[in-house]
>>> print(open('run11.pdb').read())   # PDB, C-alpha atoms and all ligand atoms
ATOM      1  CA  MET U   1     -16.689   3.014 -11.438
ATOM      2  CA  ASP U   2     -13.747   5.335 -11.945
ATOM      3  CA  SER U   3     -13.801   6.376  -8.310
ATOM      4  CA  ILE U   4     -13.642   2.761  -7.172
ATOM      5  CA  CYS U   5     -10.813   1.759  -9.387
ATOM      6  CA  HIS U   6      -7.709   3.735 -10.198
ATOM      7  CA  ILE U   7      -4.286   3.367 -11.780
ATOM      8  CA  ASN U   8      -1.012   4.254 -10.086
ATOM      9  CA  TYR U   9       2.628   3.231  -9.753
ATOM     10  CA  LEU U  10       4.955   2.801  -6.811
ATOM     11  CA  CYS U  11       8.084   1.484  -5.159
ATOM     12  CA  ARG U  12       7.155  -1.377  -2.876
ATOM     13  CA  THR U  13       6.218  -3.547  -5.824
ATOM     14  CA  ARG U  14       8.037  -6.834  -5.693
ATOM     15  CA  VAL U  15       7.207  -9.812  -7.826
ATOM     16  CA  ILE U  16       8.989 -13.083  -7.224
ATOM     17  CA  SER U  17       7.109 -16.119  -8.531
ATOM     18  CA  ASN U  18       6.966 -16.501 -12.295
ATOM     19  CA  ARG U  19       4.852 -19.072 -14.121
ATOM     20  CA  PHE U  20       7.238 -18.860 -17.081
ATOM     21  CA  GLY U  21      10.507 -19.476 -15.320
ATOM     22  CA  GLU U  22      12.455 -19.600 -12.113
ATOM     23  CA  PRO U  23      11.273 -17.317  -9.298
ATOM     24  CA  SER U  24      13.340 -14.160  -9.563
ATOM     25  CA  GLN U  25      13.204 -10.488  -8.762
ATOM     26  CA  SER U  26      15.624  -9.282 -11.391
ATOM     27  CA  GLY U  27      14.861  -8.640 -15.031
ATOM     28  CA  ARG U  28      11.133  -8.285 -14.439
ATOM     29  CA  GLY U  29       8.529  -6.530 -12.336
ATOM     30  CA  ASN U  30       4.974  -5.234 -12.131
ATOM     31  CA  LEU U  31       3.944  -3.829 -15.491
ATOM     32  CA  SER U  32       0.986  -1.909 -14.127
ATOM     33  CA  PHE U  33      -1.641  -2.077 -11.442
ATOM     34  CA  ASN U  34      -5.162  -0.884 -10.742
ATOM     35  CA  SER U  35      -6.352  -0.163  -7.226
ATOM     36  CA  ILE U  36      -9.755  -0.764  -5.701
ATOM     37  CA  ASN U  37     -11.317   1.710  -3.290
ATOM     38  CA  LEU U  38     -12.490  -0.722  -0.613
ATOM     39  CA  ALA U  39     -13.784   2.115   1.568
ATOM     40  CA  LYS U  40     -16.325   3.014  -1.104
ATOM     41  CA  LEU U  41     -17.548  -0.563  -1.308
ATOM     42  CA  GLY U  42     -17.852  -0.602   2.484
ATOM     43  CA  ILE U  43     -19.948   2.574   2.460
ATOM     44  CA  GLU U  44     -22.240   1.278  -0.267
ATOM     45  CA  TYR U  45     -23.019  -1.943   1.574
ATOM     46  CA  GLY U  46     -22.310  -1.116   5.224
ATOM     47  CA  ILE U  47     -24.345   0.198   8.144
ATOM     48  CA  VAL U  48     -23.610   3.809   7.256
ATOM     49  CA  ASN U  49     -25.094   6.222   4.764
ATOM     50  CA  GLY U  50     -28.670   5.651   5.995
ATOM     51  CA  ARG U  51     -28.551   1.876   5.590
ATOM     52  CA  GLU U  52     -29.658  -0.109   8.636
ATOM     53  CA  GLU U  53     -28.439  -3.551   7.681
ATOM     54  CA  ARG U  54     -25.175  -4.430   6.095
ATOM     55  CA  ASP U  55     -25.339  -6.354   2.835
ATOM     56  CA  ILE U  56     -22.347  -8.686   2.621
ATOM     57  CA  ASP U  57     -23.674 -10.540  -0.425
ATOM     58  CA  GLY U  58     -24.154  -7.247  -2.240
ATOM     59  CA  PHE U  59     -20.633  -6.277  -1.188
ATOM     60  CA  MET U  60     -19.127  -9.462  -2.619
ATOM     61  CA  ASP U  61     -21.099  -9.199  -5.876
ATOM     62  CA  LYS U  62     -19.899  -5.643  -6.331
ATOM     63  CA  LEU U  63     -16.339  -6.655  -5.474
ATOM     64  CA  ASP U  64     -16.507  -9.270  -8.240
ATOM     65  CA  GLU U  65     -17.715  -6.666 -10.681
ATOM     66  CA  VAL U  66     -14.971  -4.210  -9.702
ATOM     67  CA  LEU U  67     -12.294  -6.913  -9.897
ATOM     68  CA  ASP U  68     -13.388  -7.706 -13.445
ATOM     69  CA  VAL U  69     -13.226  -4.027 -14.420
ATOM     70  CA  ALA U  70      -9.791  -3.670 -12.826
ATOM     71  CA  LEU U  71      -8.500  -6.715 -14.680
ATOM     72  CA  GLU U  72     -10.040  -5.710 -17.973
ATOM     73  CA  GLY U  73      -8.229  -2.369 -17.799
ATOM     74  CA  LEU U  74      -4.948  -4.089 -17.003
ATOM     75  CA  ILE U  75      -5.279  -6.553 -19.886
ATOM     76  CA  HIS U  76      -6.148  -3.719 -22.253
ATOM     77  CA  ARG U  77      -3.027  -1.843 -21.232
ATOM     78  CA  TYR U  78      -0.907  -4.987 -21.312
ATOM     79  CA  ASN U  79      -1.877  -5.598 -24.930
ATOM     80  CA  ILE U  80      -0.849  -2.061 -25.835
ATOM     81  CA  GLN U  81       2.458  -2.520 -24.027
ATOM     82  CA  CYS U  82       3.094  -5.800 -25.876
ATOM     83  CA  GLU U  83       2.797  -4.026 -29.222
ATOM     84  CA  GLN U  84       5.672  -1.683 -28.429
ATOM     85  CA  PRO U  85       8.958  -2.142 -30.296
ATOM     86  CA  ALA U  86      12.112  -2.807 -28.262
ATOM     87  CA  LYS U  87      13.470   0.611 -29.209
ATOM     88  CA  ALA U  88      10.613   2.303 -27.327
ATOM     89  CA  SER U  89      12.252   1.175 -24.093
ATOM     90  CA  ASP U  90      15.744   0.956 -25.441
ATOM     91  CA  PHE U  91      17.661   1.473 -22.203
ATOM     92  CA  MET U  92      15.646  -1.130 -20.336
ATOM     93  CA  MET U  93      15.989  -3.694 -23.094
ATOM     94  CA  GLN U  94      19.695  -3.155 -23.749
ATOM     95  CA  ASN U  95      20.937  -3.028 -20.161
ATOM     96  CA  GLY U  96      19.617  -6.218 -18.647
ATOM     97  CA  SER U  97      16.704  -4.565 -16.869
ATOM     98  CA  TRP U  98      14.275  -6.885 -18.606
ATOM     99  CA  ILE U  99      14.865 -10.626 -19.165
ATOM    100  CA  GLY U 100      15.912 -11.309 -22.758
ATOM    101  CA  GLY U 101      15.658  -7.665 -23.846
ATOM    102  CA  GLU U 102      19.175  -7.560 -25.273
ATOM    103  CA  LYS U 103      18.284 -10.240 -27.836
ATOM    104  CA  LEU U 104      15.608  -8.133 -29.499
ATOM    105  CA  ARG U 105      16.244  -6.055 -32.599
ATOM    106  CA  PRO U 106      15.102  -2.406 -32.277
ATOM    107  CA  ASN U 107      11.866  -2.905 -34.219
ATOM    108  CA  GLU U 108      10.932  -6.243 -32.717
ATOM    109  CA  LYS U 109       7.887  -6.218 -30.471
ATOM    110  CA  ILE U 110       8.498  -6.787 -26.777
ATOM    111  CA  GLY U 111       5.277  -8.803 -26.303
ATOM    112  CA  ASP U 112       6.683 -12.239 -25.522
ATOM    113  CA  LEU U 113       9.148 -10.918 -22.993
ATOM    114  CA  LEU U 114       6.521  -9.025 -21.017
ATOM    115  CA  ARG U 115       4.940 -12.308 -20.007
ATOM    116  CA  ASN U 116       7.662 -12.584 -17.377
ATOM    117  CA  GLY U 117       6.300  -9.481 -15.718
ATOM    118  CA  SER U 118       3.131  -9.174 -13.713
ATOM    119  CA  ILE U 119      -0.049  -7.145 -13.744
ATOM    120  CA  SER U 120      -1.573  -6.449 -10.361
ATOM    121  CA  ILE U 121      -4.786  -5.577  -8.610
ATOM    122  CA  GLY U 122      -4.329  -3.462  -5.503
ATOM    123  CA  PHE U 123      -6.581  -2.034  -2.824
ATOM    124  CA  VAL U 124      -6.803   0.962  -0.525
ATOM    125  CA  GLY U 125      -8.670   1.526   2.739
ATOM    126  CA  LEU U 126      -9.396  -1.917   4.149
ATOM    127  CA  ALA U 127      -9.657  -0.256   7.582
ATOM    128  CA  GLU U 128     -12.294   2.268   6.433
ATOM    129  CA  CYS U 129     -14.157  -0.483   4.590
ATOM    130  CA  LEU U 130     -14.470  -2.557   7.773
ATOM    131  CA  LYS U 131     -15.385   0.515   9.779
ATOM    132  CA  ALA U 132     -18.242   1.184   7.339
ATOM    133  CA  LEU U 133     -19.358  -2.448   7.389
ATOM    134  CA  PHE U 134     -19.032  -3.200  11.094
ATOM    135  CA  GLY U 135     -18.304   0.041  12.936
ATOM    136  CA  VAL U 136     -14.865  -1.306  13.877
ATOM    137  CA  HIS U 137     -11.675  -1.940  11.909
ATOM    138  CA  HIS U 138      -9.329  -4.939  11.979
ATOM    139  CA  GLY U 139      -7.083  -3.405  14.630
ATOM    140  CA  GLU U 140     -10.046  -3.050  16.989
ATOM    141  CA  SER U 141     -11.895  -6.301  16.542
ATOM    142  CA  PRO U 142     -10.803  -9.898  15.856
ATOM    143  CA  SER U 143     -14.056 -10.632  14.027
ATOM    144  CA  ALA U 144     -13.617  -7.575  11.776
ATOM    145  CA  TRP U 145     -10.049  -8.793  11.218
ATOM    146  CA  LYS U 146     -11.353 -12.160  10.021
ATOM    147  CA  VAL U 147     -13.664 -10.506   7.515
ATOM    148  CA  GLY U 148     -10.856  -8.186   6.401
ATOM    149  CA  TYR U 149      -8.584 -11.153   5.893
ATOM    150  CA  SER U 150     -11.216 -13.014   3.905
ATOM    151  CA  ILE U 151     -11.789  -9.991   1.617
ATOM    152  CA  ILE U 152      -8.094  -9.789   0.756
ATOM    153  CA  TYR U 153      -7.891 -13.576   0.488
ATOM    154  CA  TYR U 154     -10.726 -13.360  -2.021
ATOM    155  CA  ILE U 155      -8.845 -10.782  -4.105
ATOM    156  CA  LYS U 156      -5.675 -12.916  -4.047
ATOM    157  CA  ASP U 157      -7.681 -15.989  -5.010
ATOM    158  CA  TYR U 158      -9.277 -14.080  -7.887
ATOM    159  CA  CYS U 159      -5.783 -13.116  -9.090
ATOM    160  CA  ASP U 160      -4.597 -16.733  -8.875
ATOM    161  CA  LYS U 161      -7.578 -18.044 -10.833
ATOM    162  CA  LYS U 162      -7.189 -15.374 -13.497
ATOM    163  CA  SER U 163      -3.462 -16.177 -13.743
ATOM    164  CA  ASP U 164      -4.448 -19.696 -14.817
ATOM    165  CA  GLU U 165      -7.241 -18.540 -17.064
ATOM    166  CA  TYR U 166      -5.090 -16.007 -18.941
ATOM    167  CA  ASP U 167      -1.785 -17.828 -18.483
ATOM    168  CA  MET U 168      -0.227 -14.656 -17.110
ATOM    169  CA  ASN U 169       1.304 -13.513 -13.832
ATOM    170  CA  ILE U 170      -1.602 -11.694 -12.162
ATOM    171  CA  THR U 171      -0.900 -10.652  -8.582
ATOM    172  CA  CYS U 172      -2.467  -8.952  -5.572
ATOM    173  CA  PHE U 173      -0.942  -5.667  -4.444
ATOM    174  CA  ALA U 174      -0.973  -3.774  -1.137
ATOM    175  CA  THR U 175      -1.321  -0.370  -2.810
ATOM    176  CA  PRO U 176       0.759   2.328  -1.134
ATOM    177  CA  ALA U 177      -1.577   5.104  -2.247
ATOM    178  CA  GLU U 178       0.638   8.120  -1.968
ATOM    179  CA  SER U 179      -1.622  10.587  -3.681
ATOM    180  CA  LEU U 180      -4.451   8.102  -4.203
ATOM    181  CA  ALA U 181      -5.078   7.933  -0.444
ATOM    182  CA  GLY U 182      -5.979  11.628  -0.579
ATOM    183  CA  LYS U 183      -7.761  11.508  -3.914
ATOM    184  CA  PHE U 184     -10.061   8.646  -2.917
ATOM    185  CA  ALA U 185     -10.810  10.315   0.443
ATOM    186  CA  LYS U 186     -11.757  13.551  -1.302
ATOM    187  CA  LEU U 187     -14.053  11.750  -3.758
ATOM    188  CA  LEU U 188     -15.786   9.928  -0.906
ATOM    189  CA  GLN U 189     -16.240  13.131   1.093
ATOM    190  CA  ASP U 190     -17.754  14.838  -1.930
ATOM    191  CA  GLN U 191     -20.151  11.970  -2.462
ATOM    192  CA  TYR U 192     -21.052  10.905   1.091
ATOM    193  CA  GLY U 193     -19.929  13.741   3.345
ATOM    194  CA  LYS U 194     -17.959  13.036   6.503
ATOM    195  CA  ILE U 195     -18.697   9.643   8.008
ATOM    196  CA  GLU U 196     -16.985   9.076  11.346
ATOM    197  CA  GLY U 197     -13.979   6.777  11.098
ATOM    198  CA  VAL U 198     -14.568   6.319   7.373
ATOM    199  CA  THR U 199     -14.357   9.603   5.482
ATOM    200  CA  ASP U 200     -13.608  12.100   8.241
ATOM    201  CA  ARG U 201      -9.903  12.294   7.497
ATOM    202  CA  ASP U 202      -8.155  13.676   4.433
ATOM    203  CA  TYR U 203      -6.716  10.290   3.567
ATOM    204  CA  LEU U 204      -7.668   6.640   3.447
ATOM    205  CA  THR U 205      -5.532   4.079   5.218
ATOM    206  CA  ASN U 206      -2.840   2.460   3.146
ATOM    207  CA  SER U 207      -3.719  -1.063   1.903
ATOM    208  CA  PHE U 208      -4.302  -3.483   4.841
ATOM    209  CA  HIS U 209      -2.640  -1.280   7.459
ATOM    210  CA  VAL U 210      -4.106  -0.707  10.882
ATOM    211  CA  PRO U 211      -4.828   3.063  10.904
ATOM    212  CA  VAL U 212      -1.914   5.239  11.958
ATOM    213  CA  TYR U 213      -4.098   7.072  14.496
ATOM    214  CA  TYR U 214      -5.123   3.866  16.298
ATOM    215  CA  GLU U 215      -3.273   3.148  19.518
ATOM    216  CA  ILE U 216      -1.775  -0.320  19.341
ATOM    217  CA  LYS U 217       1.411  -1.959  20.591
ATOM    218  CA  ALA U 218       4.164  -2.670  18.073
ATOM    219  CA  TYR U 219       3.927  -6.451  18.440
ATOM    220  CA  GLU U 220       0.137  -6.384  18.009
ATOM    221  CA  LYS U 221       0.415  -4.290  14.858
ATOM    222  CA  ILE U 222       2.869  -6.835  13.480
ATOM    223  CA  GLU U 223       0.487  -9.692  14.360
ATOM    224  CA  ARG U 224      -2.499  -8.007  12.712
ATOM    225  CA  GLU U 225      -0.689  -7.098   9.494
ATOM    226  CA  ALA U 226       1.751  -9.971   8.936
ATOM    227  CA  PRO U 227      -0.792 -12.500   7.559
ATOM    228  CA  PHE U 228      -1.657 -10.045   4.767
ATOM    229  CA  HIS U 229       1.929 -10.099   3.471
ATOM    230  CA  LYS U 230       1.533 -13.606   2.163
ATOM    231  CA  LEU U 231      -1.633 -12.640   0.287
ATOM    232  CA  THR U 232      -0.182  -9.552  -1.384
ATOM    233  CA  ASN U 233       2.250 -11.229  -3.749
ATOM    234  CA  ALA U 234       2.761  -8.102  -5.870
ATOM    235  CA  GLY U 235       4.322  -6.252  -2.925
ATOM    236  CA  HIS U 236       3.588  -4.896   0.548
ATOM    237  CA  ILE U 237       5.171  -3.158   3.507
ATOM    238  CA  SER U 238       4.376  -2.745   7.201
ATOM    239  CA  TYR U 239       5.710  -0.140   9.585
ATOM    240  CA  VAL U 240       5.819   0.513  13.235
ATOM    241  CA  GLU U 241       6.403   4.033  14.471
ATOM    242  CA  LEU U 242       8.844   4.572  17.309
ATOM    243  CA  ASP U 243       9.682   7.782  19.034
ATOM    244  CA  GLY U 244      13.034   9.482  18.613
ATOM    245  CA  ASN U 245      14.615   7.489  21.401
ATOM    246  CA  ALA U 246      14.737   4.318  19.312
ATOM    247  CA  ARG U 247      18.415   4.810  18.629
ATOM    248  CA  ASN U 248      19.070   4.810  22.377
ATOM    249  CA  ASN U 249      17.377   1.455  22.782
ATOM    250  CA  LEU U 250      18.868  -0.783  20.149
ATOM    251  CA  GLN U 251      17.842  -3.903  22.049
ATOM    252  CA  ALA U 252      14.155  -3.011  21.713
ATOM    253  CA  PHE U 253      14.712  -2.101  18.070
ATOM    254  CA  LYS U 254      16.295  -5.479  17.390
ATOM    255  CA  ARG U 255      13.508  -7.353  19.165
ATOM    256  CA  ILE U 256      10.851  -5.625  17.070
ATOM    257  CA  VAL U 257      12.648  -6.483  13.811
ATOM    258  CA  GLN U 258      13.157 -10.083  14.899
ATOM    259  CA  TYR U 259       9.506 -10.367  15.843
ATOM    260  CA  ALA U 260       8.425  -9.102  12.411
ATOM    261  CA  LEU U 261      10.727 -11.653  10.773
ATOM    262  CA  SER U 262       9.361 -14.436  12.957
ATOM    263  CA  LYS U 263       5.862 -13.574  11.670
ATOM    264  CA  ASN U 264       7.023 -13.915   8.058
ATOM    265  CA  MET U 265       6.689 -10.290   7.073
ATOM    266  CA  GLY U 266       8.084  -9.778   3.583
ATOM    267  CA  TYR U 267       8.984  -6.119   3.943
ATOM    268  CA  PHE U 268       9.126  -4.359   7.276
ATOM    269  CA  SER U 269      10.193  -0.949   8.427
ATOM    270  CA  VAL U 270      10.674   0.796  11.720
ATOM    271  CA  ASN U 271      10.061   4.524  11.466
ATOM    272  CA  HIS U 272      11.301   7.087  13.868
ATOM    273  CA  PRO U 273      11.602  10.814  13.422
ATOM    274  CA  ILE U 274      14.940  12.296  12.505
ATOM    275  CA  ASP U 275      15.143  16.064  12.712
ATOM    276  CA  LYS U 276      18.169  18.170  12.016
ATOM    277  CA  CYS U 277      18.771  21.793  12.943
ATOM    278  CA  LEU U 278      20.450  23.402   9.953
ATOM    279  CA  SER U 279      21.692  26.283  12.104
ATOM    280  CA  CYS U 280      23.758  24.315  14.628
ATOM    281  CA  ASN U 281      23.701  20.774  13.120
ATOM    282  CA  PHE U 282      21.943  19.279  16.157
ATOM    283  CA  ASP U 283      20.313  16.031  15.154
ATOM    284  CA  GLY U 284      17.572  14.339  17.162
ATOM    285  CA  VAL U 285      13.970  15.199  17.787
ATOM    286  CA  ILE U 286      13.070  18.879  17.492
ATOM    287  CA  ASN U 287       9.635  19.894  18.692
ATOM    288  CA  LYS U 288       8.914  23.604  18.360
ATOM    289  CA  GLU U 289      12.500  24.799  18.579
ATOM    290  CA  CYS U 290      16.031  23.405  18.543
ATOM    291  CA  PRO U 291      16.997  22.383  22.109
ATOM    292  CA  ILE U 292      20.592  23.578  21.507
ATOM    293  CA  CYS U 293      20.381  26.906  19.697
ATOM    294  CA  GLY U 294      16.669  27.722  19.903
ATOM    295  CA  GLU U 295      16.156  27.783  16.122
ATOM    296  CA  SER U 296      12.408  27.787  15.415
ATOM    297  CA  ASP U 297      12.224  28.753  11.749
ATOM    298  CA  GLU U 298      10.892  25.640   9.955
ATOM    299  CA  GLU U 299      12.979  26.634   6.929
ATOM    300  CA  ASN U 300      16.052  25.842   9.017
ATOM    301  CA  ILE U 301      14.820  22.520  10.386
ATOM    302  CA  SER U 302      14.917  19.414   8.251
ATOM    303  CA  ARG U 303      12.391  16.756   9.237
ATOM    304  CA  ILE U 304      12.841  13.348   7.667
ATOM    305  CA  ARG U 305       9.774  11.106   7.595
ATOM    306  CA  ARG U 306       8.673   8.137   5.590
ATOM    307  CA  VAL U 307       5.964   8.527   2.950
ATOM    308  CA  THR U 308       4.741   5.072   2.042
ATOM    309  CA  GLY U 309       7.907   3.217   0.998
ATOM    310  CA  TYR U 310      10.612   5.834   1.040
ATOM    311  CA  LEU U 311      12.118   8.493   3.229
ATOM    312  CA  VAL U 312      11.531  12.082   2.300
ATOM    313  CA  GLY U 313      14.059  14.803   3.009
ATOM    314  CA  ASN U 314      11.562  17.210   4.421
ATOM    315  CA  LEU U 315       8.042  17.016   5.742
ATOM    316  CA  ASN U 316       7.178  20.185   3.828
ATOM    317  CA  ARG U 317       7.394  18.238   0.604
ATOM    318  CA  PHE U 318       4.608  15.780   1.535
ATOM    319  CA  ASN U 319       1.293  16.306  -0.232
ATOM    320  CA  SER U 320      -1.513  17.567   2.015
ATOM    321  CA  ALA U 321      -3.144  14.148   2.508
ATOM    322  CA  LYS U 322       0.181  12.647   3.534
ATOM    323  CA  ARG U 323       0.869  15.596   5.870
ATOM    324  CA  ALA U 324      -2.521  14.955   7.503
ATOM    325  CA  GLU U 325      -1.677  11.268   7.829
ATOM    326  CA  GLU U 326       1.779  11.964   9.275
ATOM    327  CA  LYS U 327       0.220  14.282  11.869
ATOM    328  CA  ASP U 328      -2.112  11.488  13.022
ATOM    329  CA  ARG U 329       0.607   8.873  13.413
ATOM    330  CA  LEU U 330       0.750   7.455  16.902
ATOM    331  CA  LYS U 331       3.884   5.822  18.221
ATOM    332  CA  HIS U 332       3.809   2.089  18.919
ATOM    333  CA  LYS U 333       5.155   0.951  22.267
TER     334      LYS U 333
HETATM  335 ZN    ZN C 401      20.100  24.315  16.580
END
>>> encode(input="run11.pdb", output="structure tokens", more="lines below")
Ligand SMILES: [Zn+2]
Amino acid sequence: MDSICHINYLCRTRVISNRFGEPSQSGRGNLSFNSINLAKLGIEYGIVNGREERDIDGFMDKLDEVLDVALEGLIHRYNIQCEQPAKASDFMMQNGSWIGGEKLRPNEKIGDLLRNGSISIGFVGLAECLKALFGVHHGESPSAWKVGYSIIYYIKDYCDKKSDEYDMNITCFATPAESLAGKFAKLLQDQYGKIEGVTDRDYLTNSFHVPVYYEIKAYEKIEREAPFHKLTNAGHISYVELDGNARNNLQAFKRIVQYALSKNMGYFSVNHPIDKCLSCNFDGVINKECPICGESDEENISRIRRVTGYLVGNLNRFNSAKRAEEKDRLKHK
């Protein structure tokens, strides 16, 4: 089970609705989340790994089981967190970072206040899961998309039902999987070897994203991913990748952003490479060498790229799974 479900933390988390008060983003947040390895479930019940018929019922039963394990772990941790005295997170409680924190005395338990926060169940590798189940992912096939949507809808629905049952904010998260994308991929390769389109890369695809290596137009990527934003109420992000000329075509840039907004995306980003030659200060796209001064030493070229939610000063600082993913990224026209 431990390779299906894993704990991690990240930046795109955003919780708005609150069953204990007005919807708000400040003074609260995700307390913790567990992530499900959907690719593994896909392999276990799909038409790969020697199996000739896919077993959707088996898949859903296993998903139920994994959801329960994920939630149980979160509740266990939540109860430990609730027992903590205010002084254990003194800065957060005294500086308005958590609703009502300033009213607590140092030894008072924070339990009641944490109810305003949320615990979340996330997922990684929807694309690889569908590939294992159907041989195509949700960018390639509308019918695979429908199944993908219903899987994530099911997870969101589970979270909603459990929110009522436990009287807590329990939410569905589009896990960014910075290091987890690589860790899960490695575990799957060790267990199942390299399965084409499923485990043959050093990373799994982020949450509900269409794979970065799949050629798709920007507007189509937005259309495929936007409906998932509404389901992932613990946080999400979608990107399109443009080439370095984006800044010379602001009209196109604006149209893409407006299109994403029109599709109700909650968090959207346009990525384009920004390279800087540290020898002559040229800034633009640098392939092998600087077009101005010919600098080719990578030490003297800064390459800014996005890893999951945030920009990173230099590509060299990505972990190996993220470097492999960045290398595969295709631009969206
Ligand atoms: Zn230069």
>>> closest_atom_pairs(input="run11.pdb", of="segment 170-248 of chain U", to="segment 318-327 of chain U", cutoff="6 Å", atoms="all atoms listed in the file", output="tab-separated table")
residue	atom	partner	partner_atom	distance
U:Gly182	CA	U:Ala321	CA	4.9
U:Asp202	CA	U:Ala321	CA	5.4
U:Tyr203	CA	U:Ala321	CA	5.4
>>> resolve_selection(input="run11.pdb", expression="the PyMOL selection byres (((chain U and resi 216-228) around 6) and not hetatm)", output="ChimeraX atom specification")
/U:215,229-231,265,332-333
>>> residues_around(input="run11.pdb", residues="Ile99 of chain U", least_positions_apart="2", cutoff="7 Å", atoms="all atoms listed in the file", output="list in words")
Gly27, Arg28, Gly96, Ser97, Gly101 and Leu113 of chain U
>>> closest_residue(input="run11.pdb", among="U:Leu130, U:Asp90, U:Asn233, U:Val48", to="Tyr153 of chain U", atoms="all atoms listed in the file")
U:Asn233
>>> resolve_selection(input="run11.pdb", expression="the PyMOL selection byres (((chain U and resi 247) around 12) and not hetatm)", output="tab-separated table (two decimals) with C-alpha atoms, in the coordinates of the input")
chain	number	residue	atom	x	y	z
U	242	LEU	CA	8.84	4.57	17.31
U	243	ASP	CA	9.68	7.78	19.03
U	244	GLY	CA	13.03	9.48	18.61
U	245	ASN	CA	14.62	7.49	21.40
U	246	ALA	CA	14.74	4.32	19.31
U	248	ASN	CA	19.07	4.81	22.38
U	249	ASN	CA	17.38	1.46	22.78
U	250	LEU	CA	18.87	-0.78	20.15
U	251	GLN	CA	17.84	-3.90	22.05
U	252	ALA	CA	14.16	-3.01	21.71
U	253	PHE	CA	14.71	-2.10	18.07
U	254	LYS	CA	16.30	-5.48	17.39
U	270	VAL	CA	10.67	0.80	11.72
U	271	ASN	CA	10.06	4.52	11.47
U	272	HIS	CA	11.30	7.09	13.87
U	273	PRO	CA	11.60	10.81	13.42
U	274	ILE	CA	14.94	12.30	12.50
U	283	ASP	CA	20.31	16.03	15.15
U	284	GLY	CA	17.57	14.34	17.16
U	285	VAL	CA	13.97	15.20	17.79
>>> closest_atom_pairs(input="run11.pdb", of="chain U", to="ligand ZN 401 (chain C)", cutoff="6 Å", atoms="all atoms listed in the file", output="JSON lines")
{"residue": "U:Cys277", "atom": "CA", "partner": "C:ZN401", "partner_atom": "ZN", "distance": 4.6}
{"residue": "U:Ser279", "atom": "CA", "partner": "C:ZN401", "partner_atom": "ZN", "distance": 5.1}
{"residue": "U:Cys280", "atom": "CA", "partner": "C:ZN401", "partner_atom": "ZN", "distance": 4.1}
{"residue": "U:Phe282", "atom": "CA", "partner": "C:ZN401", "partner_atom": "ZN", "distance": 5.4}
{"residue": "U:Cys290", "atom": "CA", "partner": "C:ZN401", "partner_atom": "ZN", "distance": 4.6}
{"residue": "U:Ile292", "atom": "CA", "partner": "C:ZN401", "partner_atom": "ZN", "distance": 5.0}
{"residue": "U:Cys293", "atom": "CA", "partner": "C:ZN401", "partner_atom": "ZN", "distance": 4.1}
{"residue": "U:Gly294", "atom": "CA", "partner": "C:ZN401", "partner_atom": "ZN", "distance": 5.9}
{"residue": "U:Glu295", "atom": "CA", "partner": "C:ZN401", "partner_atom": "ZN", "distance": 5.3}
